[in-house]
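Next comes final.cif, a file with mmCIF, C-alpha atoms.
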```cif
data_coords
#
loop_
_atom_site.group_PDB
_atom_site.id
_atom_site.type_symbol
_atom_site.label_atom_id
_atom_site.label_comp_id
_atom_site.auth_asym_id
_atom_site.auth_seq_id
_atom_site.Cartn_x
_atom_site.Cartn_y
_atom_site.Cartn_z
ATOM 1 C CA GLY A 145 42.764 17.621 84.458
ATOM 2 C CA ALA A 146 39.370 17.706 82.813
ATOM 3 C CA VAL A 147 38.747 14.984 80.261
ATOM 4 C CA VAL A 148 36.634 15.222 77.136
ATOM 5 C CA SER A 149 35.932 12.197 75.004
ATOM 6 C CA GLN A 150 34.573 11.826 71.489
ATOM 7 C CA HIS A 151 32.933 8.888 69.827
ATOM 8 C CA PRO A 152 33.605 7.528 67.340
ATOM 9 C CA SER A 153 37.245 8.363 66.804
ATOM 10 C CA ARG A 154 37.004 7.478 63.148
ATOM 11 C CA VAL A 155 34.055 6.890 60.829
ATOM 12 C CA ILE A 156 33.691 6.103 57.152
ATOM 13 C CA CYS A 157 30.301 6.476 55.542
ATOM 14 C CA LYS A 158 28.653 6.532 52.160
ATOM 15 C CA SER A 159 27.594 9.762 50.522
ATOM 16 C CA GLY A 160 24.046 10.744 51.480
ATOM 17 C CA THR A 161 24.030 9.117 54.885
ATOM 18 C CA SER A 162 23.971 10.916 58.244
ATOM 19 C CA VAL A 163 26.642 10.579 60.876
ATOM 20 C CA LYS A 164 26.366 11.373 64.581
ATOM 21 C CA ILE A 165 29.402 12.332 66.651
ATOM 22 C CA GLU A 166 29.241 12.404 70.445
ATOM 23 C CA CYS A 167 31.210 14.674 72.752
ATOM 24 C CA ARG A 168 31.261 13.943 76.474
ATOM 25 C CA SER A 169 32.790 15.718 79.433
ATOM 26 C CA LEU A 170 33.812 12.863 81.710
ATOM 27 C CA ASP A 171 34.614 14.509 85.022
ATOM 28 C CA PHE A 172 32.947 17.905 84.931
ATOM 29 C CA GLN A 173 29.726 19.543 83.887
ATOM 30 C CA ALA A 174 30.025 21.499 80.675
ATOM 31 C CA THR A 175 27.567 24.348 80.348
ATOM 32 C CA THR A 176 29.074 25.235 76.986
ATOM 33 C CA MET A 177 30.468 23.017 74.263
ATOM 34 C CA PHE A 178 32.086 24.091 71.031
ATOM 35 C CA TRP A 179 32.382 22.247 67.722
ATOM 36 C CA TYR A 180 35.291 22.774 65.351
ATOM 37 C CA ARG A 181 36.214 21.417 61.948
ATOM 38 C CA GLN A 182 39.740 21.042 60.652
ATOM 39 C CA PHE A 183 40.731 20.259 57.074
ATOM 40 C CA PRO A 184 44.181 18.820 56.284
ATOM 41 C CA LYS A 185 47.032 21.272 56.725
ATOM 42 C CA GLN A 186 44.621 23.922 58.005
ATOM 43 C CA SER A 187 43.755 25.403 61.348
ATOM 44 C CA LEU A 188 40.668 24.697 63.418
ATOM 45 C CA MET A 189 37.528 26.486 62.335
ATOM 46 C CA LEU A 190 34.825 27.123 64.900
ATOM 47 C CA MET A 191 31.484 25.829 63.647
ATOM 48 C CA ALA A 192 29.119 26.456 66.516
ATOM 49 C CA THR A 193 28.680 27.070 70.205
ATOM 50 C CA SER A 194 26.137 25.091 72.145
ATOM 51 C CA ASN A 195 24.805 25.803 75.602
ATOM 52 C CA GLU A 196 23.026 23.114 77.562
ATOM 53 C CA GLY A 197 19.296 23.214 77.043
ATOM 54 C CA SER A 198 19.267 25.870 74.341
ATOM 55 C CA LYS A 199 19.762 26.129 70.611
ATOM 56 C CA ALA A 200 23.262 26.219 69.234
ATOM 57 C CA THR A 201 24.768 29.418 67.858
ATOM 58 C CA TYR A 202 26.344 28.813 64.475
ATOM 59 C CA GLU A 203 29.237 30.741 62.974
ATOM 60 C CA GLN A 204 28.728 32.562 59.726
ATOM 61 C CA GLY A 205 28.717 30.248 56.745
ATOM 62 C CA VAL A 206 27.942 27.080 58.708
ATOM 63 C CA GLU A 207 24.649 25.482 57.665
ATOM 64 C CA LYS A 208 22.614 24.772 60.776
ATOM 65 C CA ASP A 209 20.306 22.354 58.924
ATOM 66 C CA LYS A 210 23.261 20.300 57.772
ATOM 67 C CA PHE A 211 25.174 20.253 61.029
ATOM 68 C CA LEU A 212 22.641 19.503 63.736
ATOM 69 C CA ILE A 213 23.852 20.101 67.261
ATOM 70 C CA ASN A 214 22.137 18.886 70.406
ATOM 71 C CA HIS A 215 23.319 19.651 73.932
ATOM 72 C CA ALA A 216 20.709 17.882 75.995
ATOM 73 C CA SER A 217 22.719 17.402 79.165
ATOM 74 C CA LEU A 218 25.646 18.961 80.980
ATOM 75 C CA THR A 219 27.941 16.151 79.913
ATOM 76 C CA LEU A 220 26.885 15.368 76.351
ATOM 77 C CA SER A 221 26.683 17.221 73.070
ATOM 78 C CA THR A 222 26.138 15.620 69.692
ATOM 79 C CA LEU A 223 26.917 16.790 66.174
ATOM 80 C CA THR A 224 25.006 15.150 63.351
ATOM 81 C CA VAL A 225 26.276 15.644 59.825
ATOM 82 C CA THR A 226 23.182 15.137 57.701
ATOM 83 C CA SER A 227 23.304 13.883 54.109
ATOM 84 C CA ALA A 228 27.066 13.799 54.215
ATOM 85 C CA HIS A 229 29.070 14.378 51.048
ATOM 86 C CA PRO A 230 32.764 13.907 50.304
ATOM 87 C CA GLU A 231 33.445 17.599 50.915
ATOM 88 C CA ASP A 232 32.290 17.080 54.518
ATOM 89 C CA SER A 233 35.229 14.768 55.096
ATOM 90 C CA SER A 234 37.216 16.404 57.856
ATOM 91 C CA PHE A 235 38.507 16.198 61.406
ATOM 92 C CA TYR A 236 35.754 17.248 63.813
ATOM 93 C CA ILE A 237 36.805 18.348 67.276
ATOM 94 C CA CYS A 238 34.700 19.351 70.249
ATOM 95 C CA SER A 239 35.636 21.267 73.349
ATOM 96 C CA ALA A 240 33.875 21.759 76.653
ATOM 97 C CA SER A 241 33.900 24.551 79.155
ATOM 98 C CA THR A 242 32.182 25.544 82.345
ATOM 99 C CA SER A 243 30.636 28.851 83.339
ATOM 100 C CA GLY A 244 29.367 29.880 79.937
ATOM 101 C CA GLY A 245 32.662 29.414 78.198
ATOM 102 C CA SER A 246 34.621 31.918 80.238
ATOM 103 C CA ASN A 247 37.076 29.370 81.555
ATOM 104 C CA GLU A 248 39.574 27.171 79.805
ATOM 105 C CA GLN A 249 38.263 24.950 77.073
ATOM 106 C CA PHE A 250 39.141 21.272 77.224
ATOM 107 C CA PHE A 251 39.321 19.572 73.875
ATOM 108 C CA GLY A 252 38.298 16.109 72.797
ATOM 109 C CA PRO A 253 40.610 13.887 70.750
ATOM 110 C CA GLY A 254 38.705 14.510 67.531
ATOM 111 C CA THR A 255 36.707 12.407 65.084
ATOM 112 C CA ARG A 256 37.996 11.684 61.595
ATOM 113 C CA LEU A 257 35.078 11.578 59.149
ATOM 114 C CA THR A 258 35.575 10.178 55.672
ATOM 115 C CA VAL A 259 32.652 10.311 53.258
ATOM 116 C CA LEU A 260 32.993 8.076 50.217
ATOM 117 C CA ASP B 160 39.522 36.463 61.845
ATOM 118 C CA ALA B 161 42.372 35.599 64.156
ATOM 119 C CA LYS B 162 43.884 38.600 65.900
ATOM 120 C CA THR B 163 47.360 37.170 66.178
ATOM 121 C CA THR B 164 50.375 36.751 63.922
ATOM 122 C CA GLN B 165 52.845 33.908 64.351
ATOM 123 C CA PRO B 166 55.727 32.610 62.250
ATOM 124 C CA PRO B 167 54.542 29.586 60.268
ATOM 125 C CA SER B 168 57.363 27.319 61.392
ATOM 126 C CA MET B 169 60.352 27.057 63.722
ATOM 127 C CA ASP B 170 63.020 24.511 64.526
ATOM 128 C CA CYS B 171 64.531 23.842 67.920
ATOM 129 C CA ALA B 172 67.245 21.493 69.111
ATOM 130 C CA GLU B 173 66.244 18.926 71.684
ATOM 131 C CA GLY B 174 67.093 20.086 75.194
ATOM 132 C CA ARG B 175 67.265 23.726 74.237
ATOM 133 C CA ALA B 176 64.692 26.391 75.019
ATOM 134 C CA ALA B 177 62.042 27.004 72.392
ATOM 135 C CA ASN B 178 60.882 30.610 72.170
ATOM 136 C CA LEU B 179 57.697 31.055 70.172
ATOM 137 C CA PRO B 180 56.713 34.654 69.383
ATOM 138 C CA CYS B 181 53.248 36.037 68.839
ATOM 139 C CA ASN B 182 52.093 39.483 67.772
ATOM 140 C CA HIS B 183 48.714 40.741 68.924
ATOM 141 C CA SER B 184 48.971 44.465 68.339
ATOM 142 C CA THR B 185 45.191 45.044 68.388
ATOM 143 C CA ILE B 186 44.570 43.278 71.689
ATOM 144 C CA SER B 187 41.919 44.873 73.884
ATOM 145 C CA GLY B 188 42.253 45.548 77.574
ATOM 146 C CA ASN B 189 39.917 42.715 78.536
ATOM 147 C CA GLU B 190 41.465 40.096 76.278
ATOM 148 C CA TYR B 191 43.707 37.380 77.556
ATOM 149 C CA VAL B 192 46.520 35.693 75.649
ATOM 150 C CA TYR B 193 46.066 31.930 75.441
ATOM 151 C CA TRP B 194 48.415 29.299 74.101
ATOM 152 C CA TYR B 195 47.347 25.875 72.905
ATOM 153 C CA ARG B 196 49.219 23.236 71.005
ATOM 154 C CA GLN B 197 48.072 20.470 68.698
ATOM 155 C CA ILE B 198 50.035 17.337 68.121
ATOM 156 C CA HIS B 199 49.273 15.751 64.774
ATOM 157 C CA SER B 200 45.775 14.247 64.533
ATOM 158 C CA GLN B 201 44.913 15.042 68.141
ATOM 159 C CA GLY B 202 42.753 17.656 69.825
ATOM 160 C CA PRO B 203 44.405 20.872 71.012
ATOM 161 C CA GLN B 204 45.982 20.926 74.456
ATOM 162 C CA TYR B 205 45.862 23.955 76.735
ATOM 163 C CA ILE B 206 49.303 25.257 77.705
ATOM 164 C CA ILE B 207 49.035 28.572 79.506
ATOM 165 C CA HIS B 208 47.297 31.922 79.499
ATOM 166 C CA GLY B 209 47.850 35.413 80.875
ATOM 167 C CA LEU B 210 46.488 38.926 80.922
ATOM 168 C CA LYS B 211 49.480 41.212 81.509
ATOM 169 C CA ASN B 212 51.776 39.573 84.015
ATOM 170 C CA ASN B 213 54.241 36.889 83.065
ATOM 171 C CA GLU B 214 53.023 33.414 83.876
ATOM 172 C CA THR B 215 54.735 30.079 84.473
ATOM 173 C CA ASN B 216 53.437 26.576 84.946
ATOM 174 C CA GLU B 217 54.808 23.080 84.672
ATOM 175 C CA MET B 218 54.672 23.171 80.885
ATOM 176 C CA ALA B 219 55.878 26.606 79.892
ATOM 177 C CA SER B 220 56.399 30.276 80.620
ATOM 178 C CA LEU B 221 54.509 33.135 79.037
ATOM 179 C CA ILE B 222 56.178 36.501 78.675
ATOM 180 C CA ILE B 223 53.882 39.391 77.750
ATOM 181 C CA THR B 224 55.348 42.750 76.787
ATOM 182 C CA GLU B 225 54.419 45.769 78.846
ATOM 183 C CA ASP B 226 52.294 47.219 76.039
ATOM 184 C CA ARG B 227 50.662 43.775 75.610
ATOM 185 C CA LYS B 228 51.138 43.907 71.853
ATOM 186 C CA SER B 229 53.239 40.778 71.738
ATOM 187 C CA SER B 230 54.129 37.745 73.786
ATOM 188 C CA THR B 231 56.528 34.823 73.806
ATOM 189 C CA LEU B 232 55.865 31.262 74.853
ATOM 190 C CA ILE B 233 58.933 29.590 76.273
ATOM 191 C CA LEU B 234 59.401 25.838 76.497
ATOM 192 C CA PRO B 235 62.489 25.713 78.712
ATOM 193 C CA HIS B 236 63.837 22.309 77.672
ATOM 194 C CA ALA B 237 62.204 21.157 74.474
ATOM 195 C CA THR B 238 61.806 17.434 73.841
ATOM 196 C CA LEU B 239 60.851 15.538 70.712
ATOM 197 C CA ARG B 240 57.342 15.193 72.132
ATOM 198 C CA ASP B 241 56.962 18.966 72.017
ATOM 199 C CA THR B 242 56.838 18.824 68.224
ATOM 200 C CA ALA B 243 53.408 20.279 67.447
ATOM 201 C CA VAL B 244 51.549 23.279 66.059
ATOM 202 C CA TYR B 245 51.392 26.031 68.662
ATOM 203 C CA TYR B 246 48.498 28.461 68.600
ATOM 204 C CA CYS B 247 48.485 31.890 70.194
ATOM 205 C CA ILE B 248 44.942 33.168 70.701
ATOM 206 C CA VAL B 249 43.528 36.326 72.219
ATOM 207 C CA ARG B 250 40.242 35.805 73.903
ATOM 208 C CA VAL B 251 37.750 37.655 76.019
ATOM 209 C CA ALA B 252 37.048 35.733 79.198
ATOM 210 C CA GLY B 253 33.273 35.499 79.367
ATOM 211 C CA GLY B 254 31.128 38.331 78.105
ATOM 212 C CA ASN B 255 28.975 38.305 74.998
ATOM 213 C CA GLN B 256 31.471 36.335 72.968
ATOM 214 C CA GLY B 257 31.134 33.442 75.397
ATOM 215 C CA GLY B 258 34.843 32.776 75.461
ATOM 216 C CA LYS B 259 35.158 31.647 71.854
ATOM 217 C CA LEU B 260 38.575 30.572 70.676
ATOM 218 C CA ILE B 261 39.429 31.720 67.159
ATOM 219 C CA PHE B 262 42.424 29.787 65.886
ATOM 220 C CA GLY B 263 44.943 31.293 63.486
ATOM 221 C CA GLN B 264 47.484 29.317 61.511
ATOM 222 C CA GLY B 265 49.850 28.797 64.417
ATOM 223 C CA THR B 266 53.546 27.954 64.447
ATOM 224 C CA GLU B 267 54.678 24.481 63.526
ATOM 225 C CA LEU B 268 57.494 23.698 65.945
ATOM 226 C CA SER B 269 59.866 20.902 65.008
ATOM 227 C CA VAL B 270 62.140 19.706 67.782
ATOM 228 C CA LYS B 271 65.134 17.945 66.305
ATOM 229 C CA PRO B 272 67.551 15.521 67.993
#
```

Here is the file; what I need is its structure written in the form of structure tokens.
Amino acid sequence: GAVVSQHPSRVICKSGTSVKIECRSLDFQATTMFWYRQFPKQSLMLMATSNEGSKATYEQGVEKDKFLINHASLTLSTLTVTSAHPEDSSFYICSASTSGGSNEQFFGPGTRLTVL
Amino acid sequence: DAKTTQPPSMDCAEGRAANLPCNHSTISGNEYVYWYRQIHSQGPQYIIHGLKNNETNEMASLIITEDRKSSTLILPHATLRDTAVYYCIVRVAGGNQGGKLIFGQGTELSVKP
């Protein structure tokens, strides 16, 4: 099956710093990648949809200047949490899909971000 | 908002069938029913999906009612490794929504020895 990786798997940073999370599709080309956030004991919340070579589409209430998304190639999307604060501590998960997101989404293993 | 309703939790004995219900009474004609599961601290895993016919794969079976307002995911012989949160999601394949998955609260399935 299709494999999606994320790096790092876990990161701890100081408040005010920026953190970059990578999402890679290892054995297929992903025209669309999705970024989710999950707080403890809660469900996944879709943050944004990114299509290769174009600007990401953010869900309502998600600050695009705080969560910078880049999808520069068909196998890599990055999420940068800028000026991170403790309330940004969460589990960040990406997924990748082909054909504009109409097919199954394959999820990465997630990145645990802890902001001190 | 999620368009599905699931019981928050269920228990199942190891080796028995696990039947997970899902209500999606407002489903549209072009929306599929998808099931994913999430084992603790991992990314979600695709299980199965269907439009109106029942579906079966190596992991599970999906039974969709004739009116499409509800469905049941069946794990025929549950094992301890099937303990996870199971999400039922209705989703348009393609189109303007780009295939977004909107997760509800899911059902936390506990398989017990």

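Nearest residue to Arg240 (chain B) among B:Lys162, B:Lys211, B:Arg227, B:Lys271 is B:Lys271, counting all atoms listed in the file.
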
* To do: Name the residues captured by the PyMOL selection byres ((chain A) within 9 of (chain B)) when it is applied to the shown file; answer as an NGL selection string.
  => :A and (176 or 178 or 186-190 or 193 or 235 or 237-239 or 243-254 or 256)

* How would you write, as JSON, numbers by chain, the residues chosen by the PyMOL selection byres ((chain B and resi 225) around 12) on this structure? -> {"B": [184, 210, 211, 212, 213, 222, 223, 224, 226, 227, 228, 229, 230]}

Next, write the just-selected residues to a file, as a short mmCIF file (atom, residue, chain, number, x, y, z; two decimals), in the frame of the given file, keeping C-alpha atoms as the atom set.
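selection.cif was written with the following content:
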```cif
data_model
loop_
_atom_site.label_atom_id
_atom_site.label_comp_id
_atom_site.auth_asym_id
_atom_site.auth_seq_id
_atom_site.Cartn_x
_atom_site.Cartn_y
_atom_site.Cartn_z
CA SER B 184 48.97 44.46 68.34
CA LEU B 210 46.49 38.93 80.92
CA LYS B 211 49.48 41.21 81.51
CA ASN B 212 51.78 39.57 84.02
CA ASN B 213 54.24 36.89 83.06
CA ILE B 222 56.18 36.50 78.68
CA ILE B 223 53.88 39.39 77.75
CA THR B 224 55.35 42.75 76.79
CA ASP B 226 52.29 47.22 76.04
CA ARG B 227 50.66 43.78 75.61
CA LYS B 228 51.14 43.91 71.85
CA SER B 229 53.24 40.78 71.74
CA SER B 230 54.13 37.74 73.79
#
```

* Asked: Which is closer to Thr224 (chain A) than all the others in A:Leu170, A:Lys208, A:Lys199, A:Ser162, using all atoms listed in the file?
  ->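 Counting all atoms listed in the file, the residue closest to Thr224 (chain A) is A:Ser162.
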
* If you apply the PyMOL selection byres ((chain B and resi 236) around 6) to this file, what residues do you get, as a ChimeraX atom specification? -> /B:174-176,234-235,237

* Structure fact -> Students should find that CA of Arg181 (chain A) and CA of Leu179 (chain B) are spaced 24.9 Å

* **Option closest in space to Gly160 (chain A), from A:Ser227, A:Gln204, A:Ser217, A:Ser234 [counting only C-alpha atoms]** => A:Ser227

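Counting all atoms listed in the file, the residue from B:Asp170, B:Ile186, B:Ser269, B:Ile206 that sits nearest to Ser220 (chain B) is B:Ile206.
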
* To do: Might you pull out every residue within 9 Å of Lys158 (chain A), with only C-alpha atoms counted and same-chain residues fewer than 2 positions away left off, and present them as a VMD selection string?
  => chain A and resid 156 160 to 162 228 to 230 258 to 260

* What does the distance between CA of Ala219 (chain B) and CA of Thr219 (chain A) come to in Å, to one decimal place? ->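 So the two atoms, CA of Ala219 (chain B) and CA of Thr219 (chain A), lie 29.8 Å apart.
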
* Quick one: pull the distance between CA of Ser159 (chain A) and CA of Ala200 (chain A), Å, one decimal. => 25.3 Å

* To do: Considering all atoms listed in the file, state which residue in the set A:Lys210, A:Glu166, A:Ala192, A:Ala146 is at the smallest distance from Tyr180 (chain A).
  =>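 For Tyr180 (chain A), the nearest of the given residues is A:Ala192.
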
Exercise on region 224-237 of chain B, axis-aligned box with 6 Å per side, report centre and edge lengths in Å to one decimal, as JSON:
```
{"center_x": 57.2, "center_y": 34.2, "center_z": 75.3, "size_x": 25.2, "size_y": 38.1, "size_z": 19.1}
```

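The closest residue to Thr222 (chain A), picked from A:Ser194, A:Thr242, A:Gln182, A:Thr201 and counting only C-alpha atoms, is A:Ser194.
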
* Asked: Excluding same-chain residues fewer than 5 positions from Pro272 (chain B), what lies within 10 Å of it counting all atoms listed in the file, as a list in words?
  ->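 Selected residues are Cys171, Ala172, Glu173, Gly174, Thr238 and Leu239 of chain B.
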